[in-house]
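Engineer: Handing over data_31.txt, compact mmCIF, C-alpha atoms and all ligand atoms.
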```
# COMPACT_ATOMS: atom_id res chain seq x y z
CA MET U 1 -31.27 55.15 -24.46
CA THR U 2 -30.75 51.69 -25.92
CA ARG U 3 -33.58 49.28 -26.40
CA GLU U 4 -31.92 46.81 -23.99
CA THR U 5 -31.65 49.35 -21.14
CA ALA U 6 -35.21 50.55 -21.63
CA TYR U 7 -36.45 46.94 -21.72
CA ALA U 8 -34.71 46.06 -18.46
CA GLU U 9 -36.09 49.19 -16.77
CA LEU U 10 -39.61 48.58 -18.01
CA ARG U 11 -39.55 44.91 -17.07
CA SER U 12 -38.57 45.69 -13.51
CA HIS U 13 -41.12 48.50 -13.33
CA LEU U 14 -43.90 46.17 -14.50
CA GLU U 15 -42.86 43.22 -12.34
CA ALA U 16 -43.02 45.41 -9.25
CA GLY U 17 -46.44 46.84 -10.06
CA PRO U 18 -49.94 45.43 -9.57
CA LEU U 19 -52.20 44.50 -12.45
CA ILE U 20 -55.87 44.08 -13.06
CA ASP U 21 -56.63 40.70 -14.64
CA THR U 22 -59.42 41.92 -16.91
CA HIS U 23 -60.80 38.49 -17.84
CA ASP U 24 -60.86 35.04 -16.31
CA HIS U 25 -63.20 32.07 -15.90
CA SER U 26 -62.25 30.69 -12.49
CA GLN U 27 -65.58 29.45 -11.21
CA SER U 28 -63.89 27.50 -8.44
CA CYS U 29 -60.34 27.08 -7.18
CA GLY U 30 -58.32 24.37 -8.92
CA PRO U 31 -57.05 22.22 -10.44
CA ARG U 32 -55.81 19.47 -8.20
CA TYR U 33 -53.08 18.01 -10.41
CA THR U 34 -52.88 14.23 -10.21
CA ASP U 35 -50.66 13.40 -13.20
CA ALA U 36 -47.45 15.10 -14.38
CA VAL U 37 -48.72 15.27 -17.97
CA GLN U 38 -51.51 17.60 -16.79
CA VAL U 39 -48.84 20.21 -16.15
CA LEU U 40 -48.01 20.03 -19.88
CA THR U 41 -51.59 19.99 -21.16
CA GLY U 42 -53.27 22.35 -18.68
CA GLY U 43 -55.06 25.45 -19.90
CA TYR U 44 -54.74 26.10 -23.61
CA ALA U 45 -51.59 24.06 -24.34
CA ALA U 46 -53.85 21.07 -24.94
CA HIS U 47 -55.35 22.81 -27.98
CA ASP U 48 -51.99 23.12 -29.72
CA MET U 49 -51.20 19.51 -28.87
CA MET U 50 -54.53 18.37 -30.33
CA SER U 51 -53.76 20.44 -33.40
CA ALA U 52 -50.42 18.68 -33.79
CA ALA U 53 -51.59 15.17 -32.86
CA ARG U 54 -52.02 12.28 -35.26
CA GLY U 55 -55.00 10.00 -34.75
CA GLY U 56 -55.59 9.17 -31.11
CA GLU U 57 -52.20 10.43 -29.88
CA TYR U 58 -53.60 13.10 -27.62
CA ASP U 59 -55.96 10.70 -25.83
CA GLU U 60 -53.09 8.26 -25.48
CA MET U 61 -50.96 10.97 -23.89
CA ILE U 62 -53.53 11.86 -21.21
CA ASP U 63 -54.57 8.28 -20.40
CA THR U 64 -53.68 8.18 -16.71
CA THR U 65 -54.44 4.47 -16.47
CA ARG U 66 -51.11 3.90 -18.23
CA PRO U 67 -47.76 4.54 -16.58
CA LEU U 68 -45.89 7.66 -17.67
CA GLU U 69 -43.00 5.69 -19.17
CA ASP U 70 -45.42 3.92 -21.55
CA ARG U 71 -46.85 7.25 -22.67
CA TRP U 72 -43.49 9.01 -22.87
CA PRO U 73 -42.86 8.53 -26.65
CA VAL U 74 -46.10 10.30 -27.56
CA VAL U 75 -45.69 12.91 -24.79
CA GLU U 76 -42.23 13.68 -26.12
CA ARG U 77 -43.41 13.90 -29.72
CA LEU U 78 -46.30 16.25 -28.93
CA TRP U 79 -44.20 18.40 -26.62
CA ARG U 80 -41.46 18.76 -29.23
CA ALA U 81 -44.08 19.48 -31.90
CA THR U 82 -45.64 22.35 -29.94
CA LYS U 83 -42.97 23.78 -27.63
CA ASN U 84 -42.55 26.88 -29.83
CA THR U 85 -45.99 28.41 -29.21
CA GLY U 86 -47.16 31.00 -26.72
CA TYR U 87 -49.33 28.42 -24.98
CA SER U 88 -46.29 26.20 -24.46
CA ARG U 89 -44.27 29.15 -23.25
CA VAL U 90 -46.81 29.38 -20.41
CA THR U 91 -46.11 25.71 -19.66
CA ARG U 92 -42.35 26.22 -19.78
CA LEU U 93 -42.55 29.14 -17.35
CA VAL U 94 -44.74 27.10 -14.99
CA LEU U 95 -42.33 24.13 -15.12
CA GLU U 96 -39.36 26.31 -14.37
CA GLU U 97 -40.89 28.52 -11.68
CA PHE U 98 -42.94 25.98 -9.75
CA TYR U 99 -40.90 22.79 -10.26
CA GLY U 100 -37.40 23.92 -11.24
CA VAL U 101 -37.72 21.95 -14.50
CA THR U 102 -36.01 23.55 -17.50
CA GLU U 103 -36.22 20.65 -19.93
CA VAL U 104 -39.06 18.20 -20.49
CA THR U 105 -37.63 14.69 -20.21
CA LEU U 106 -39.04 11.47 -18.82
CA ASP U 107 -36.90 11.95 -15.72
CA SER U 108 -37.91 15.57 -15.18
CA LEU U 109 -41.59 14.74 -15.61
CA GLN U 110 -41.32 11.81 -13.23
CA SER U 111 -39.73 14.16 -10.71
CA LEU U 112 -43.06 16.05 -10.55
CA THR U 113 -44.86 13.08 -9.05
CA GLY U 114 -45.37 13.61 -5.35
CA ARG U 115 -45.06 17.39 -5.54
CA LEU U 116 -48.04 18.29 -7.70
CA PRO U 117 -49.98 21.13 -6.07
CA ASP U 118 -53.64 21.14 -5.10
CA TYR U 119 -55.00 24.49 -6.22
CA SER U 120 -58.46 23.67 -4.94
CA ASP U 121 -57.06 25.09 -1.69
CA PRO U 122 -58.17 28.76 -1.88
CA VAL U 123 -55.23 29.93 0.22
CA LEU U 124 -52.70 28.32 -2.14
CA PHE U 125 -54.72 29.57 -5.14
CA GLU U 126 -54.70 33.15 -3.89
CA SER U 127 -51.01 33.02 -2.93
CA VAL U 128 -50.14 32.47 -6.61
CA LEU U 129 -52.34 35.40 -7.67
CA GLU U 130 -50.48 37.48 -5.10
CA LYS U 131 -47.16 36.30 -6.53
CA ALA U 132 -48.31 37.68 -9.91
CA LEU U 133 -49.49 40.89 -8.19
CA ILE U 134 -52.97 40.35 -9.58
CA GLU U 135 -54.97 42.80 -7.50
CA ALA U 136 -58.40 42.02 -8.92
CA ARG U 137 -59.84 39.76 -11.61
CA ILE U 138 -62.92 40.31 -13.69
CA VAL U 139 -64.51 36.90 -14.01
CA ASN U 140 -66.97 35.39 -16.42
CA VAL U 141 -68.48 32.44 -14.55
CA TRP U 142 -71.90 30.79 -14.59
CA PRO U 143 -73.52 31.10 -11.18
CA GLN U 144 -77.02 29.90 -10.39
CA LEU U 145 -79.22 32.93 -11.04
CA THR U 146 -81.01 32.37 -7.74
CA GLU U 147 -77.66 32.72 -5.91
CA ILE U 148 -77.20 36.11 -7.52
CA VAL U 149 -80.72 37.22 -6.66
CA ASP U 150 -80.30 36.17 -3.01
CA GLY U 151 -76.65 37.28 -2.87
CA SER U 152 -75.32 33.91 -1.69
CA HIS U 153 -72.98 33.17 -4.63
CA GLU U 154 -69.33 32.81 -3.63
CA LEU U 155 -66.60 34.00 -5.96
CA THR U 156 -63.01 32.80 -6.17
CA PRO U 157 -60.29 34.99 -4.57
CA ARG U 158 -60.00 38.54 -5.91
CA ALA U 159 -62.83 38.05 -8.41
CA ARG U 160 -65.31 40.69 -9.55
CA LEU U 161 -68.30 39.33 -11.41
CA THR U 162 -69.57 39.94 -14.94
CA ILE U 163 -73.05 39.24 -16.26
CA GLY U 164 -72.70 36.50 -18.88
CA LEU U 165 -75.03 37.52 -21.70
CA PRO U 166 -75.11 34.68 -24.28
CA GLY U 167 -77.62 32.50 -22.42
CA PHE U 168 -80.07 35.39 -22.24
CA HIS U 169 -80.24 36.00 -25.99
CA SER U 170 -79.40 32.60 -27.53
CA ILE U 171 -82.66 31.09 -26.29
CA LYS U 172 -84.05 28.26 -28.39
CA THR U 173 -86.78 26.69 -26.27
CA ARG U 174 -89.51 27.54 -23.81
CA ALA U 175 -87.62 25.52 -21.17
CA GLU U 176 -84.68 27.93 -21.45
CA ILE U 177 -86.99 30.92 -21.08
CA ASP U 178 -88.64 29.40 -18.01
CA ALA U 179 -85.27 28.53 -16.42
CA ILE U 180 -84.18 32.16 -16.70
CA THR U 181 -87.38 33.89 -15.66
CA SER U 182 -88.07 31.58 -12.72
CA ALA U 183 -85.01 33.09 -10.99
CA VAL U 184 -87.12 36.21 -10.35
CA GLY U 185 -90.37 34.30 -9.87
CA ALA U 186 -91.77 35.36 -13.23
CA ARG U 187 -93.72 33.32 -15.76
CA VAL U 188 -93.70 35.22 -19.02
CA THR U 189 -96.01 35.02 -21.98
CA SER U 190 -94.61 37.79 -24.16
CA LEU U 191 -91.32 39.14 -25.43
CA ASP U 192 -91.84 42.29 -23.34
CA GLY U 193 -92.40 40.16 -20.27
CA TYR U 194 -89.15 38.30 -20.96
CA VAL U 195 -87.23 41.55 -21.41
CA GLU U 196 -88.59 42.84 -18.08
CA ALA U 197 -87.55 39.64 -16.29
CA CYS U 198 -84.03 40.01 -17.75
CA ARG U 199 -83.95 43.64 -16.59
CA GLU U 200 -84.80 42.48 -13.08
CA ILE U 201 -82.07 39.80 -13.18
CA PHE U 202 -79.43 42.26 -14.41
CA ALA U 203 -80.42 44.69 -11.66
CA ALA U 204 -79.87 41.84 -9.18
CA PHE U 205 -76.40 41.24 -10.68
CA ALA U 206 -75.64 44.95 -10.29
CA ARG U 207 -76.73 44.84 -6.64
CA TYR U 208 -74.53 41.77 -6.17
CA GLY U 209 -71.57 43.81 -7.42
CA ALA U 210 -71.21 42.89 -11.10
CA VAL U 211 -68.81 45.26 -12.82
CA ALA U 212 -69.56 44.51 -16.50
CA PHE U 213 -71.52 42.45 -18.99
CA LYS U 214 -69.66 39.78 -20.98
CA ASP U 215 -70.65 38.18 -24.27
CA GLN U 216 -68.87 35.37 -26.10
CA SER U 217 -71.56 34.58 -28.65
CA ALA U 218 -68.87 34.55 -31.33
CA TYR U 219 -68.49 30.86 -30.44
CA THR U 220 -72.03 30.13 -31.61
CA ARG U 221 -73.10 32.88 -34.01
CA PRO U 222 -71.48 35.51 -36.27
CA LEU U 223 -71.00 38.98 -34.77
CA ASP U 224 -73.02 40.60 -37.55
CA TYR U 225 -75.89 41.78 -35.37
CA GLY U 226 -78.58 43.16 -37.66
CA PRO U 227 -80.91 46.07 -37.05
CA ARG U 228 -83.74 45.57 -34.58
CA ASP U 229 -86.60 43.64 -36.16
CA ARG U 230 -89.28 43.56 -33.50
CA ALA U 231 -91.80 41.65 -35.60
CA GLY U 232 -89.21 38.99 -36.45
CA ALA U 233 -88.20 38.70 -32.79
CA GLU U 234 -91.84 38.44 -31.65
CA ASP U 235 -92.40 35.69 -34.18
CA VAL U 236 -89.47 33.57 -32.98
CA PHE U 237 -90.31 34.16 -29.32
CA GLY U 238 -93.99 33.44 -29.90
CA ARG U 239 -93.22 30.07 -31.52
CA MET U 240 -91.21 29.00 -28.47
CA ILE U 241 -93.64 30.23 -25.87
CA ALA U 242 -96.65 28.65 -27.58
CA ASP U 243 -95.14 25.18 -27.87
CA PRO U 244 -93.05 23.70 -25.05
CA ASN U 245 -91.71 21.10 -27.49
CA ALA U 246 -90.63 23.59 -30.14
CA SER U 247 -86.92 24.23 -30.64
CA VAL U 248 -85.81 27.13 -32.79
CA ASP U 249 -82.81 26.67 -35.03
CA TYR U 250 -79.98 28.76 -33.53
CA PRO U 251 -78.31 30.85 -34.74
CA ARG U 252 -79.95 31.03 -38.15
CA GLY U 253 -83.66 30.74 -37.33
CA ALA U 254 -83.33 32.53 -34.00
CA LYS U 255 -81.23 35.41 -35.33
CA PRO U 256 -83.97 38.10 -35.31
CA LEU U 257 -84.62 37.35 -31.63
CA SER U 258 -80.94 37.17 -30.67
CA ASP U 259 -80.26 40.45 -32.50
CA TYR U 260 -83.27 42.20 -30.95
CA LEU U 261 -82.42 41.07 -27.43
CA PHE U 262 -78.77 41.99 -27.81
CA HIS U 263 -79.68 45.57 -28.77
CA THR U 264 -82.10 45.69 -25.84
CA PHE U 265 -79.47 44.38 -23.39
CA LEU U 266 -76.97 46.96 -24.64
CA GLU U 267 -79.48 49.66 -23.77
CA MET U 268 -79.79 48.15 -20.30
CA ALA U 269 -75.98 48.18 -19.99
CA ALA U 270 -76.04 51.90 -20.73
CA GLU U 271 -78.79 52.45 -18.14
CA LEU U 272 -76.85 50.48 -15.51
CA ASP U 273 -73.65 52.19 -16.65
CA LEU U 274 -71.85 48.85 -16.88
CA PRO U 275 -69.32 48.21 -19.67
CA VAL U 276 -69.81 45.35 -22.13
CA GLN U 277 -66.96 42.93 -22.80
CA ILE U 278 -67.18 41.13 -26.13
CA HIS U 279 -65.23 38.13 -27.40
CA THR U 280 -63.73 38.79 -30.82
CA GLY U 281 -61.18 36.92 -32.94
CA HIS U 282 -59.65 33.52 -32.19
CA LEU U 283 -61.83 30.77 -30.74
CA ALA U 284 -60.53 28.42 -28.05
CA GLY U 285 -60.21 24.77 -29.02
CA ASN U 286 -59.97 23.41 -32.55
CA TYR U 287 -62.25 23.53 -35.56
CA GLY U 288 -63.70 26.95 -34.66
CA ASP U 289 -65.21 29.01 -37.47
CA ILE U 290 -63.42 32.35 -37.44
CA ARG U 291 -65.32 33.91 -40.33
CA GLY U 292 -67.91 35.57 -38.11
CA THR U 293 -65.63 36.61 -35.23
CA ASN U 294 -63.79 39.62 -36.62
CA ALA U 295 -64.60 42.62 -34.42
CA ALA U 296 -65.14 44.66 -37.59
CA HIS U 297 -68.58 42.99 -37.79
CA LEU U 298 -69.50 44.94 -34.66
CA ALA U 299 -69.08 48.36 -36.30
CA PRO U 300 -72.84 49.09 -36.71
CA LEU U 301 -73.42 48.16 -33.08
CA LEU U 302 -70.55 50.30 -31.80
CA GLU U 303 -71.82 53.16 -33.93
CA MET U 304 -75.43 52.86 -32.80
CA HIS U 305 -74.87 52.34 -29.06
CA ARG U 306 -72.68 55.32 -28.34
CA ASP U 307 -73.60 55.37 -24.65
CA VAL U 308 -72.35 51.82 -24.14
CA ARG U 309 -68.73 51.38 -23.06
CA PHE U 310 -67.35 48.44 -25.05
CA ASP U 311 -64.28 46.38 -24.14
CA LEU U 312 -63.27 44.34 -27.20
CA PHE U 313 -61.37 41.16 -26.43
CA HIS U 314 -58.39 39.09 -27.39
CA ALA U 315 -56.78 41.77 -29.58
CA ASN U 316 -59.17 40.45 -32.25
CA TRP U 317 -56.42 37.94 -33.13
CA PRO U 318 -55.50 37.65 -35.97
CA TYR U 319 -57.22 40.82 -37.23
CA GLY U 320 -54.93 43.42 -35.64
CA GLY U 321 -55.50 46.25 -38.11
CA GLU U 322 -59.27 46.22 -37.67
CA PHE U 323 -58.78 46.10 -33.91
CA LEU U 324 -56.65 49.25 -33.85
CA PHE U 325 -59.08 50.99 -36.17
CA LEU U 326 -62.04 50.31 -33.87
CA GLY U 327 -60.17 51.60 -30.83
CA LYS U 328 -59.00 54.69 -32.63
CA ASN U 329 -62.28 55.46 -34.33
CA TYR U 330 -64.91 54.90 -31.64
CA PRO U 331 -64.79 56.89 -28.39
CA ASN U 332 -66.83 54.13 -26.72
CA VAL U 333 -64.34 51.32 -27.50
CA ARG U 334 -61.48 49.98 -25.39
CA LEU U 335 -58.99 47.45 -26.75
CA ASN U 336 -58.37 44.45 -24.50
CA PHE U 337 -55.38 42.13 -25.06
CA CYS U 338 -56.63 39.43 -22.65
CA TRP U 339 -55.62 35.87 -23.65
CA ALA U 340 -53.97 37.20 -26.84
CA ASN U 341 -50.69 37.67 -24.96
CA VAL U 342 -50.32 33.90 -24.82
CA ILE U 343 -52.10 33.03 -28.08
CA ASP U 344 -49.40 34.91 -29.96
CA PRO U 345 -46.83 36.90 -27.99
CA ALA U 346 -45.12 38.21 -31.15
CA TYR U 347 -48.42 39.56 -32.50
CA CYS U 348 -49.08 41.35 -29.21
CA LYS U 349 -45.60 42.87 -29.04
CA ALA U 350 -46.08 44.29 -32.54
CA LEU U 351 -49.66 45.41 -31.85
CA PHE U 352 -48.82 47.10 -28.53
CA ARG U 353 -46.05 48.94 -30.38
CA GLN U 354 -48.47 49.98 -33.10
CA ALA U 355 -51.20 50.87 -30.59
CA LEU U 356 -48.82 53.30 -28.91
CA SER U 357 -48.40 55.21 -32.14
CA ALA U 358 -52.02 55.00 -33.30
CA VAL U 359 -54.45 54.79 -30.38
CA PRO U 360 -54.91 57.06 -27.32
CA ARG U 361 -53.09 55.26 -24.52
CA ILE U 362 -56.08 55.50 -22.20
CA LYS U 363 -57.89 52.98 -24.42
CA ILE U 364 -55.70 49.92 -23.88
CA HIS U 365 -56.30 47.11 -21.38
CA ALA U 366 -53.11 45.08 -21.52
CA HIS U 367 -54.04 41.81 -19.94
CA GLY U 368 -56.45 39.16 -18.78
CA SER U 369 -55.46 35.55 -18.16
CA ASP U 370 -58.64 33.82 -19.37
CA TYR U 371 -58.14 30.49 -17.60
CA SER U 372 -60.56 28.38 -15.60
CA GLY U 373 -58.54 27.85 -12.46
CA PHE U 374 -54.79 27.34 -13.08
CA PRO U 375 -53.40 30.22 -10.99
CA ASP U 376 -49.91 28.98 -11.96
CA ARG U 377 -50.75 29.67 -15.61
CA ALA U 378 -52.33 33.01 -14.72
CA TRP U 379 -48.98 33.89 -13.11
CA ALA U 380 -47.10 32.82 -16.26
CA ALA U 381 -49.52 34.58 -18.61
CA ALA U 382 -49.13 37.80 -16.63
CA ARG U 383 -45.38 37.45 -16.94
CA ILE U 384 -45.61 37.04 -20.71
CA ALA U 385 -47.96 40.03 -20.97
CA ARG U 386 -45.57 42.19 -18.93
CA ASP U 387 -42.78 41.06 -21.24
CA ASN U 388 -44.78 41.86 -24.39
CA VAL U 389 -45.53 45.39 -23.20
CA ALA U 390 -41.96 45.97 -21.99
CA CYS U 391 -40.65 44.89 -25.42
CA ALA U 392 -43.06 47.14 -27.31
CA LEU U 393 -42.47 50.20 -25.16
CA ALA U 394 -38.68 49.67 -25.06
CA GLU U 395 -38.68 49.75 -28.83
CA ALA U 396 -40.58 53.05 -28.77
CA VAL U 397 -38.14 54.51 -26.21
CA ALA U 398 -35.15 53.43 -28.31
CA GLN U 399 -36.65 55.14 -31.33
CA GLY U 400 -37.25 58.34 -29.37
CA GLU U 401 -41.01 58.13 -29.70
CA THR U 402 -41.51 58.26 -25.94
CA ASP U 403 -39.15 58.64 -22.99
CA LEU U 404 -38.61 56.14 -20.22
CA ASP U 405 -40.71 57.95 -17.60
CA GLU U 406 -43.57 58.30 -20.00
CA ALA U 407 -43.23 54.65 -21.05
CA ARG U 408 -43.43 53.57 -17.39
CA GLU U 409 -46.55 55.66 -17.00
CA THR U 410 -48.08 54.12 -20.15
CA ALA U 411 -47.29 50.62 -18.89
CA THR U 412 -49.01 51.32 -15.57
CA MET U 413 -52.03 52.73 -17.38
CA TRP U 414 -52.35 49.70 -19.65
CA PHE U 415 -52.06 47.11 -16.88
CA TYR U 416 -53.62 48.90 -13.95
CA THR U 417 -55.12 52.37 -14.01
CA ASN U 418 -57.07 52.08 -17.25
CA PRO U 419 -58.98 48.91 -16.31
CA ARG U 420 -59.28 49.98 -12.67
CA GLU U 421 -61.02 53.17 -13.70
CA PHE U 422 -62.99 51.70 -16.61
CA PHE U 423 -64.50 48.92 -14.47
CA ARG U 424 -64.76 51.23 -11.43
CA LEU U 425 -62.79 48.88 -9.20
CA GLY U 426 -61.95 51.61 -6.72
CA SER U 427 -63.61 49.64 -3.98
CA ALA U 428 -61.92 46.36 -5.05
CA GLN U 429 -62.33 43.83 -2.24
CA SER U 430 -59.10 42.02 -2.90
ZN ZN U 501 -62.71 33.88 -21.90
```
Represent the structure contained in this file as structure tokens.
Ligand SMILES: [Zn+2]

Structural biologist:
Amino acid sequence: MTRETAYAELRSHLEAGPLIDTHDHSQSCGPRYTDAVQVLTGGYAAHDMMSAARGGEYDEMIDTTRPLEDRWPVVERLWRATKNTGYSRVTRLVLEEFYGVTEVTLDSLQSLTGRLPDYSDPVLFESVLEKALIEARIVNVWPQLTEIVDGSHELTPRARLTIGLPGFHSIKTRAEIDAITSAVGARVTSLDGYVEACREIFAAFARYGAVAFKDQSAYTRPLDYGPRDRAGAEDVFGRMIADPNASVDYPRGAKPLSDYLFHTFLEMAAELDLPVQIHTGHLAGNYGDIRGTNAAHLAPLLEMHRDVRFDLFHANWPYGGEFLFLGKNYPNVRLNFCWANVIDPAYCKALFRQALSAVPRIKIHAHGSDYSGFPDRAWAAARIARDNVACALAEAVAQGETDLDEARETATMWFYTNPREFFRLGSAQS
């Protein structure tokens, strides 16, 4: 079978099938677009534009106090400078599908005025998720802890909650400790007391229906968690608790405490039998420090906590080789391509292809949109992810490494059955 025929077959198979969006940040429905340029800059596209901008160009471009025609020269320059990237491909798909716009011109952008959607309407928001056949989404949002304890927190359509870990182990002040523990009516004076309060909060999340833990500390500290140093952790914690005005230097000074708590929380994840999603690789925005974000730093943790089910994120972009190694080597590791599909579609096509030949196919989670709102972009990102997998598997079919039926089955596993089973979404209230 030719690559082209296999690709067409796999594309139509994937477009007709549901997917589990394994990672998103939609805390509320939105956005309500008010300016045509927001359709170009929404989601991650802004980061590439900021990367390409000179001086204050980006701010000039989004200054809605100025008419579009005044801003057009800089809009045009930044669009032309960035239109090649995966982020901009999301924008192009959105423009074409939702507005019928195939080329960004002043006229075509002006034609958007008056027909910009308001995604704060939950019905409209969910209708776009349905269009993408997103059956369920695993969301990392920041609810009030008291709303989790009393069960009153409301999620966006199709969302299943994760327990966001960073705030629980990146503590720097007594005020942060008190804010966390007060959710369960506790006032703690010791590290053990704090750990018990966290245990109670996580149990409340589990009762609420949380399906995983999620940690993105890579944005603020390196992933090189050290061995447990209880005395060091006690010392840091004790300094905070004894002095309400003290602030510990994070991550450096607070590292023994952060490391200790992270190990402790992983044990709790094993007890609750909830998987742990971890951000690895590329950092959103600009000027991130990638030196500490390679998933390879997690090896001692993955080795030690064999009863914890890890879901490593973002295809560890750009460290693909290490990513495949971790998935192949550790039985407790799944490889998640969320967000990476739009960071770098070509990387994902190649890595999906390589994963097929190197990693058990049950270990791949193909997609997560990773937006805050923007259902239109979630639709486009899902489309790009489906395309990436179809390309990779079509190549394997053409080379006789797998046959078409098996490739269809693999595609369904990667997008749907693997995450559905891993996160135990059987009772998904979609
Ligand atoms: Zn994310």

Engineer: Using only C-alpha atoms, find all polymer residues with an atom at most 10 Å away from the point (-81.8, 44.9, -35.0); report them as an NGL selection string.

Structural biologist: :U and (225-230 or 232-233 or 255-264 or 301)

Engineer: Write out, as a JSON list (two decimals), keeping the file's coordinate frame, the residues just selected, with C-alpha atoms.

Structural biologist:
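Produced file part.json, reproduced below:
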```json
[["chain", "number", "residue", "atom", "x", "y", "z"],
["U", 225, "TYR", "CA", -75.89, 41.78, -35.37],
["U", 226, "GLY", "CA", -78.58, 43.16, -37.66],
["U", 227, "PRO", "CA", -80.91, 46.07, -37.05],
["U", 228, "ARG", "CA", -83.74, 45.57, -34.58],
["U", 229, "ASP", "CA", -86.60, 43.64, -36.16],
["U", 230, "ARG", "CA", -89.28, 43.56, -33.50],
["U", 232, "GLY", "CA", -89.21, 38.99, -36.45],
["U", 233, "ALA", "CA", -88.20, 38.70, -32.79],
["U", 255, "LYS", "CA", -81.23, 35.41, -35.33],
["U", 256, "PRO", "CA", -83.97, 38.10, -35.31],
["U", 257, "LEU", "CA", -84.62, 37.35, -31.63],
["U", 258, "SER", "CA", -80.94, 37.17, -30.67],
["U", 259, "ASP", "CA", -80.26, 40.45, -32.50],
["U", 260, "TYR", "CA", -83.27, 42.20, -30.95],
["U", 261, "LEU", "CA", -82.42, 41.07, -27.43],
["U", 262, "PHE", "CA", -78.77, 41.99, -27.81],
["U", 263, "HIS", "CA", -79.68, 45.57, -28.77],
["U", 264, "THR", "CA", -82.10, 45.69, -25.84],
["U", 301, "LEU", "CA", -73.42, 48.16, -33.08]]
```

Engineer: Using all atoms listed in the file, find each residue with an atom at most 8 Å away from ligand ZN 501 (chain U) and format the answer as an MDAnalysis selection string.

Structural biologist: chainID U and resid 23:25 140 216 279 339 370:371

Engineer: I want to know what sits within 6 Å of range 382-389 of chain U, based on only C-alpha atoms, with residues of the same chain fewer than 2 positions away left out; could you give that as JSON, numbers by chain?

Structural biologist: {"U": [341, 349, 379, 380, 391, 392]}

Engineer: Find the spatial neighbours of range 355-357 of chain U, counting all atoms listed in the file, within a cut-off of 7 Å - ignore same-chain residues fewer than 4 positions away - and output them as a VMD selection string.

Structural biologist: chain U and resid 324 351 361

Engineer: Up to 10 Å from (-52.2, 19.6, -22.4) in the file's coordinates: name the residues, counting only C-alpha atoms, as a PyMOL selection string.

Structural biologist: chain U and resi 37-50+58+61-62+75+78-79+87-88+91

Engineer: Between U:Asn316, U:Leu326, U:Leu133, U:Gly86, which has the minimum distance to Ala381 in chain U (counting only C-alpha atoms)?

Structural biologist: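 Of U:Asn316, U:Leu326, U:Leu133, U:Gly86, the one nearest Ala381 in chain U, counting only C-alpha atoms, is U:Gly86.
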
Engineer: Rank nothing, just name the residue among U:Thr22, U:Ile138, U:Cys198, U:Lys131 nearest to His314 in chain U, using only C-alpha atoms.

Structural biologist: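 Of U:Thr22, U:Ile138, U:Cys198, U:Lys131, the one nearest His314 in chain U, counting only C-alpha atoms, is U:Thr22.
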
Engineer: What does the distance between CA of Gln354 in chain U and CA of Lys328 in chain U come to in Å, to one decimal place?

Structural biologist: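 Distance between the two atoms: 11.5 Å.
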